[in-house]
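Trainee: Got a file for you: input-v2.txt, compact mmCIF, C-alpha atoms.
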```
# COMPACT_ATOMS: atom_id res chain seq x y z
CA MET G 14 38.92 -7.55 -1.77
CA ALA G 15 42.26 -8.53 -0.33
CA SER G 16 41.11 -12.03 0.61
CA GLY G 17 40.57 -12.96 -3.05
CA LYS G 18 36.84 -13.59 -2.68
CA VAL G 19 34.62 -12.44 -5.47
CA GLY G 20 31.55 -10.38 -4.50
CA VAL G 21 28.11 -11.87 -5.00
CA CYS G 22 25.81 -9.89 -7.26
CA ARG G 23 22.29 -9.79 -5.84
CA PRO G 24 19.37 -8.63 -7.98
CA CYS G 25 17.27 -5.70 -6.79
CA LEU G 26 13.58 -6.62 -6.80
CA PHE G 27 12.51 -3.12 -7.87
CA PHE G 28 14.98 -2.42 -10.64
CA ALA G 29 16.41 -5.79 -11.66
CA PRO G 30 18.25 -5.91 -15.00
CA SER G 31 16.43 -7.89 -17.66
CA LEU G 32 18.66 -10.95 -17.19
CA PHE G 33 17.73 -11.15 -13.51
CA CYS G 34 14.05 -10.56 -14.36
CA HIS G 35 14.08 -13.63 -16.61
CA PHE G 36 15.91 -15.57 -13.92
CA LEU G 37 13.28 -14.60 -11.31
CA ILE G 38 10.45 -15.57 -13.68
CA PHE G 39 12.19 -18.92 -14.25
CA ILE G 40 12.53 -19.49 -10.48
CA CYS G 41 8.85 -18.60 -9.88
CA ASN G 42 7.75 -21.07 -12.55
CA ILE G 43 9.88 -23.84 -11.02
CA ARG G 44 8.44 -23.06 -7.57
CA LEU G 45 4.87 -23.42 -8.84
CA GLU G 46 5.69 -26.61 -10.74
CA ALA G 47 7.48 -28.07 -7.72
CA PHE G 48 4.47 -27.43 -5.53
CA LEU G 49 2.23 -29.34 -7.93
CA MET G 50 3.91 -32.71 -7.71
CA PRO G 51 2.22 -35.52 -9.66
CA GLY G 52 -0.09 -36.36 -6.74
CA ARG G 53 -1.26 -32.76 -6.49
CA ARG G 54 -2.04 -32.24 -10.18
CA HIS G 55 -5.62 -33.33 -9.68
CA PRO G 56 -8.07 -30.87 -11.32
CA GLY G 57 -9.71 -30.18 -7.95
CA ASN G 58 -6.41 -29.08 -6.38
CA ILE G 59 -5.56 -26.90 -9.35
CA ARG G 60 -9.05 -25.32 -9.28
CA ARG G 61 -8.63 -24.43 -5.59
CA MET G 62 -5.24 -22.84 -6.21
CA LEU G 63 -6.63 -20.99 -9.22
CA ALA G 64 -9.60 -19.66 -7.23
CA SER G 65 -7.35 -18.39 -4.43
CA ARG G 66 -5.19 -16.48 -6.91
CA VAL G 67 -8.17 -15.02 -8.74
CA LYS G 68 -9.42 -13.64 -5.40
CA ARG G 69 -6.07 -11.93 -4.87
CA VAL G 70 -6.33 -10.02 -8.16
CA ALA G 71 -8.40 -7.32 -6.44
CA ILE G 72 -6.42 -4.11 -6.84
CA THR G 73 -6.08 -2.17 -3.59
CA LYS G 74 -4.01 0.77 -4.86
CA PRO G 75 -3.39 2.49 -8.18
CA ILE G 76 -0.98 0.83 -10.56
CA VAL G 77 1.30 2.37 -13.13
CA ILE G 78 3.20 0.64 -15.92
CA ALA G 79 6.38 2.66 -15.87
CA SER G 80 9.92 2.93 -14.51
CA LEU G 81 11.14 5.31 -11.86
CA ALA G 82 14.67 6.63 -12.16
CA GLU G 83 16.82 9.26 -10.49
CA VAL G 84 18.62 11.44 -13.02
CA GLU G 85 20.90 14.45 -12.79
CA ARG G 86 19.70 17.63 -14.51
CA VAL G 87 20.93 21.13 -15.21
CA CYS G 88 18.45 23.95 -14.65
CA GLY G 89 18.33 27.13 -16.71
CA LYS G 90 19.66 29.59 -14.10
CA PRO G 91 23.10 30.88 -15.10
CA SER G 92 24.14 31.50 -11.45
CA CYS G 93 23.06 28.06 -10.17
CA ARG G 94 25.62 25.56 -8.85
CA CYS G 95 24.49 23.03 -11.48
CA GLN G 96 26.21 25.16 -14.13
CA ARG G 97 29.53 24.43 -12.34
CA GLY G 98 29.03 20.65 -12.35
CA HIS G 99 26.91 20.00 -9.22
CA LYS G 100 23.77 18.83 -11.01
CA HIS G 101 20.32 18.54 -9.45
CA ARG G 102 19.10 15.01 -8.73
CA VAL G 103 15.46 14.56 -9.76
CA CYS G 104 13.13 11.59 -10.11
CA GLN G 105 11.37 10.92 -13.34
CA LEU G 106 8.77 8.40 -14.39
CA THR G 107 9.39 6.85 -17.79
CA TYR G 108 6.47 5.29 -19.63
CA ARG G 109 5.47 4.36 -23.17
CA ASP G 110 2.45 5.74 -24.97
CA GLN G 111 1.64 4.67 -28.52
CA GLY G 112 5.16 3.39 -29.09
CA LYS G 113 6.90 6.54 -27.83
CA THR G 114 8.77 6.88 -24.55
CA HIS G 115 7.79 9.80 -22.33
CA ALA G 116 9.33 11.09 -19.11
CA LEU G 117 7.43 12.79 -16.32
CA TYR G 118 8.88 14.66 -13.34
CA VAL G 119 7.99 13.15 -9.95
CA PRO G 120 8.20 15.41 -6.87
CA VAL G 121 10.49 14.12 -4.10
CA ASP G 122 7.67 13.82 -1.55
CA PHE G 123 5.60 11.75 -4.02
CA LYS G 124 8.40 9.34 -5.04
CA GLU G 125 7.69 6.52 -2.56
CA GLU G 126 4.00 6.45 -3.38
CA VAL G 127 4.70 6.22 -7.11
CA ARG G 128 7.27 3.49 -6.40
CA SER G 129 4.57 1.49 -4.54
CA TRP G 130 2.27 1.82 -7.56
CA ILE G 131 4.99 0.37 -9.79
CA GLU G 132 5.56 -2.50 -7.34
CA GLU G 133 1.79 -3.13 -7.28
CA HIS G 134 1.92 -3.53 -11.07
CA HIS G 135 4.79 -6.04 -10.74
CA LYS G 136 2.84 -8.03 -8.13
CA LEU G 137 -0.20 -8.07 -10.41
CA GLN G 138 1.93 -9.27 -13.33
CA ARG G 139 3.35 -12.15 -11.25
CA LEU G 140 -0.14 -13.09 -10.08
CA LEU G 141 -1.55 -13.06 -13.62
CA ARG G 142 1.38 -15.20 -14.79
CA GLU G 143 0.58 -17.75 -12.05
CA ILE G 144 -3.13 -17.72 -12.97
CA SER G 145 -2.28 -18.34 -16.61
CA GLU G 146 0.07 -21.18 -15.70
CA LEU G 147 -2.53 -22.79 -13.43
CA SER G 148 -5.18 -22.48 -16.15
CA LEU G 149 -2.92 -24.31 -18.59
CA MET G 150 -2.27 -27.00 -15.97
CA LEU G 151 -6.00 -27.33 -15.42
CA VAL G 152 -6.61 -27.94 -19.12
CA ARG G 153 -3.81 -30.51 -19.25
CA SER G 154 -4.90 -32.30 -16.08
CA HIS G 155 -8.56 -32.32 -17.15
CA ALA G 156 -7.64 -34.10 -20.38
CA GLN G 157 -5.44 -36.59 -18.48
CA GLU G 158 -8.19 -37.20 -15.92
CA ARG G 159 -10.72 -37.93 -18.68
CA LYS G 160 -8.30 -40.40 -20.27
CA ARG G 161 -7.72 -42.07 -16.91
CA LEU G 162 -11.47 -42.38 -16.21
CA ARG G 163 -12.20 -43.74 -19.69
CA GLY G 164 -9.49 -46.36 -19.21
CA ARG G 165 -11.22 -47.64 -16.06
CA SER G 166 -14.64 -48.18 -17.65
```
Go through the file and emit its structure as structure tokens.
Mentor:
Amino acid sequence: MASGKVGVCRPCLFFAPSLFCHFLIFICNIRLEAFLMPGRRHPGNIRRMLASRVKRVAITKPIVIASLAEVERVCGKPSCRCQRGHKHRVCQLTYRDQGKTHALYVPVDFKEEVRSWIEEHHKLQRLLREISELSLMLVRSHAQERKRLRGRS
């Protein structure tokens, strides 16, 4: 960087570090709140948005709650090149079961499909977070609407 400019760090949507994950969650929450400006917080509007998100919960592919990582391994053959430092690159799926972390080998030709299952889980998580947020807004707006209607009578 001879020009003195500092590089911009961009988060990866698939494997974002936890700091960026929290940042993305924060941005998504602001986006939803910004869309529901005070005029749009009517219970009917919130119910329509909630119904559209509930319809999208239908799962079209398998989901897996895990992480996919490429690691370098040494095999057991004494004459293999990995014994001299050129390790084999393999993909492994890391998941938790009853509080313990387990790793599972993923064949190279199956890697992209497993990656799509992980992304499907992330999409479902974001959608459920939005549904929960809208449900809370609906409860709040319903109480405010009742107060407003009682004040008119």
Trainee: So how far away is atom CA of G:Ala82 from atom CA of G:Glu126, in Å?
Mentor: 13.8 Å
Trainee: If you take all atoms listed in the file and a cut-off of 12 Å, which residues of stretch 110-162 of chain G touch stretch 55-64 of chain G, and what are their nearest atom pairs and distances in Å to one decimal, in chain and number order, as JSON lines?
Mentor:
```
{"residue": "G:Leu140", "atom": "CA", "partner": "G:Leu63", "partner_atom": "CA", "distance": 10.3}
{"residue": "G:Leu141", "atom": "CA", "partner": "G:Leu63", "partner_atom": "CA", "distance": 10.4}
{"residue": "G:Arg142", "atom": "CA", "partner": "G:Leu63", "partner_atom": "CA", "distance": 11.3}
{"residue": "G:Glu143", "atom": "CA", "partner": "G:Leu63", "partner_atom": "CA", "distance": 8.4}
{"residue": "G:Ile144", "atom": "CA", "partner": "G:Leu63", "partner_atom": "CA", "distance": 6.1}
{"residue": "G:Ser145", "atom": "CA", "partner": "G:Leu63", "partner_atom": "CA", "distance": 9.0}
{"residue": "G:Glu146", "atom": "CA", "partner": "G:Leu63", "partner_atom": "CA", "distance": 9.3}
{"residue": "G:Leu147", "atom": "CA", "partner": "G:Leu63", "partner_atom": "CA", "distance": 6.1}
{"residue": "G:Ser148", "atom": "CA", "partner": "G:Leu63", "partner_atom": "CA", "distance": 7.2}
{"residue": "G:Leu149", "atom": "CA", "partner": "G:Ile59", "partner_atom": "CA", "distance": 10.0}
{"residue": "G:Met150", "atom": "CA", "partner": "G:Ile59", "partner_atom": "CA", "distance": 7.4}
{"residue": "G:Leu151", "atom": "CA", "partner": "G:Pro56", "partner_atom": "CA", "distance": 5.8}
{"residue": "G:Val152", "atom": "CA", "partner": "G:Pro56", "partner_atom": "CA", "distance": 8.5}
{"residue": "G:Arg153", "atom": "CA", "partner": "G:Pro56", "partner_atom": "CA", "distance": 9.0}
{"residue": "G:Ser154", "atom": "CA", "partner": "G:Pro56", "partner_atom": "CA", "distance": 5.9}
{"residue": "G:His155", "atom": "CA", "partner": "G:Pro56", "partner_atom": "CA", "distance": 6.0}
{"residue": "G:Ala156", "atom": "CA", "partner": "G:Pro56", "partner_atom": "CA", "distance": 9.6}
{"residue": "G:Gln157", "atom": "CA", "partner": "G:His55", "partner_atom": "CA", "distance": 9.4}
{"residue": "G:Glu158", "atom": "CA", "partner": "G:His55", "partner_atom": "CA", "distance": 7.8}
{"residue": "G:Arg159", "atom": "CA", "partner": "G:Pro56", "partner_atom": "CA", "distance": 10.5}
{"residue": "G:Arg161", "atom": "CA", "partner": "G:His55", "partner_atom": "CA", "distance": 11.5}
```
Trainee: Applying 9 Å and all atoms listed in the file, which residues near G:Leu137 remain after dropping the ones on its own chain fewer than 3 positions away? List them as a ChimeraX atom specification.
Mentor: /G:69-70,72,76,132-134,140-142
Trainee: Put those residues in a file: C-alpha atoms, as a compact mmCIF listing (two decimals), in the coordinates of the input.
Mentor:
```
# COMPACT_ATOMS: atom_id res chain seq x y z
CA ARG G 69 -6.07 -11.93 -4.87
CA VAL G 70 -6.33 -10.02 -8.16
CA ILE G 72 -6.42 -4.11 -6.84
CA ILE G 76 -0.98 0.83 -10.56
CA GLU G 132 5.56 -2.50 -7.34
CA GLU G 133 1.79 -3.13 -7.28
CA HIS G 134 1.92 -3.53 -11.07
CA LEU G 140 -0.14 -13.09 -10.08
CA LEU G 141 -1.55 -13.06 -13.62
CA ARG G 142 1.38 -15.20 -14.79
```
Trainee: How big is the axis-aligned box around the listed atoms of stretch 98-113 of chain G once 3 Å is added on each side, and where is its centre? Give both in Å to one decimal, as AutoDock Vina command-line options.
Mentor:
```
--center_x 15.3 --center_y 12.0 --center_z -18.9 --size_x 33.4 --size_y 23.3 --size_z 26.4
```
Trainee: Work out how far apart atom CA of G:Asp122 and atom CA of G:Ser80 are and give it in Å to one decimal.
Mentor: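 Result for atom CA of G:Asp122 versus atom CA of G:Ser80: 17.1 Å, one decimal.
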Trainee: How would you write as a list of chain:residue names the residues that get within 9 Å of (21.6, 11.9, -9.7) in the file's frame, counting all atoms listed in the file?
Mentor: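 Taken together, the residues in range are G:Glu83, G:Val84, G:Glu85, G:Arg86, G:Lys100, G:His101, G:Arg102, G:Val103, G:Cys104.
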Trainee: Kindly export the residues of the current selection with C-alpha atoms, as a PDB file, in the coordinates of the input.
Mentor:
```pdb
ATOM      1  CA  GLU G  83      16.820   9.260 -10.490  1.00  0.00           C
ATOM      2  CA  VAL G  84      18.620  11.440 -13.020  1.00  0.00           C
ATOM      3  CA  GLU G  85      20.900  14.450 -12.790  1.00  0.00           C
ATOM      4  CA  ARG G  86      19.700  17.630 -14.510  1.00  0.00           C
ATOM      5  CA  LYS G 100      23.770  18.830 -11.010  1.00  0.00           C
ATOM      6  CA  HIS G 101      20.320  18.540  -9.450  1.00  0.00           C
ATOM      7  CA  ARG G 102      19.100  15.010  -8.730  1.00  0.00           C
ATOM      8  CA  VAL G 103      15.460  14.560  -9.760  1.00  0.00           C
ATOM      9  CA  CYS G 104      13.130  11.590 -10.110  1.00  0.00           C
TER      10      CYS G 104
END
```
Trainee: What is the distance, in Å and to one decimal place, between atom CA of G:Val119 and atom CA of G:Gln105?
Mentor: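 Answer for the atom CA of G:Val119 to atom CA of G:Gln105 separation: 5.3 Å.
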Trainee: Hey, which of G:Trp130, G:Phe123, G:Tyr118, G:Tyr108 ends up closest to G:Ala79? Count all atoms listed in the file.
Mentor: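 For G:Ala79, the nearest of the given residues is G:Tyr108.
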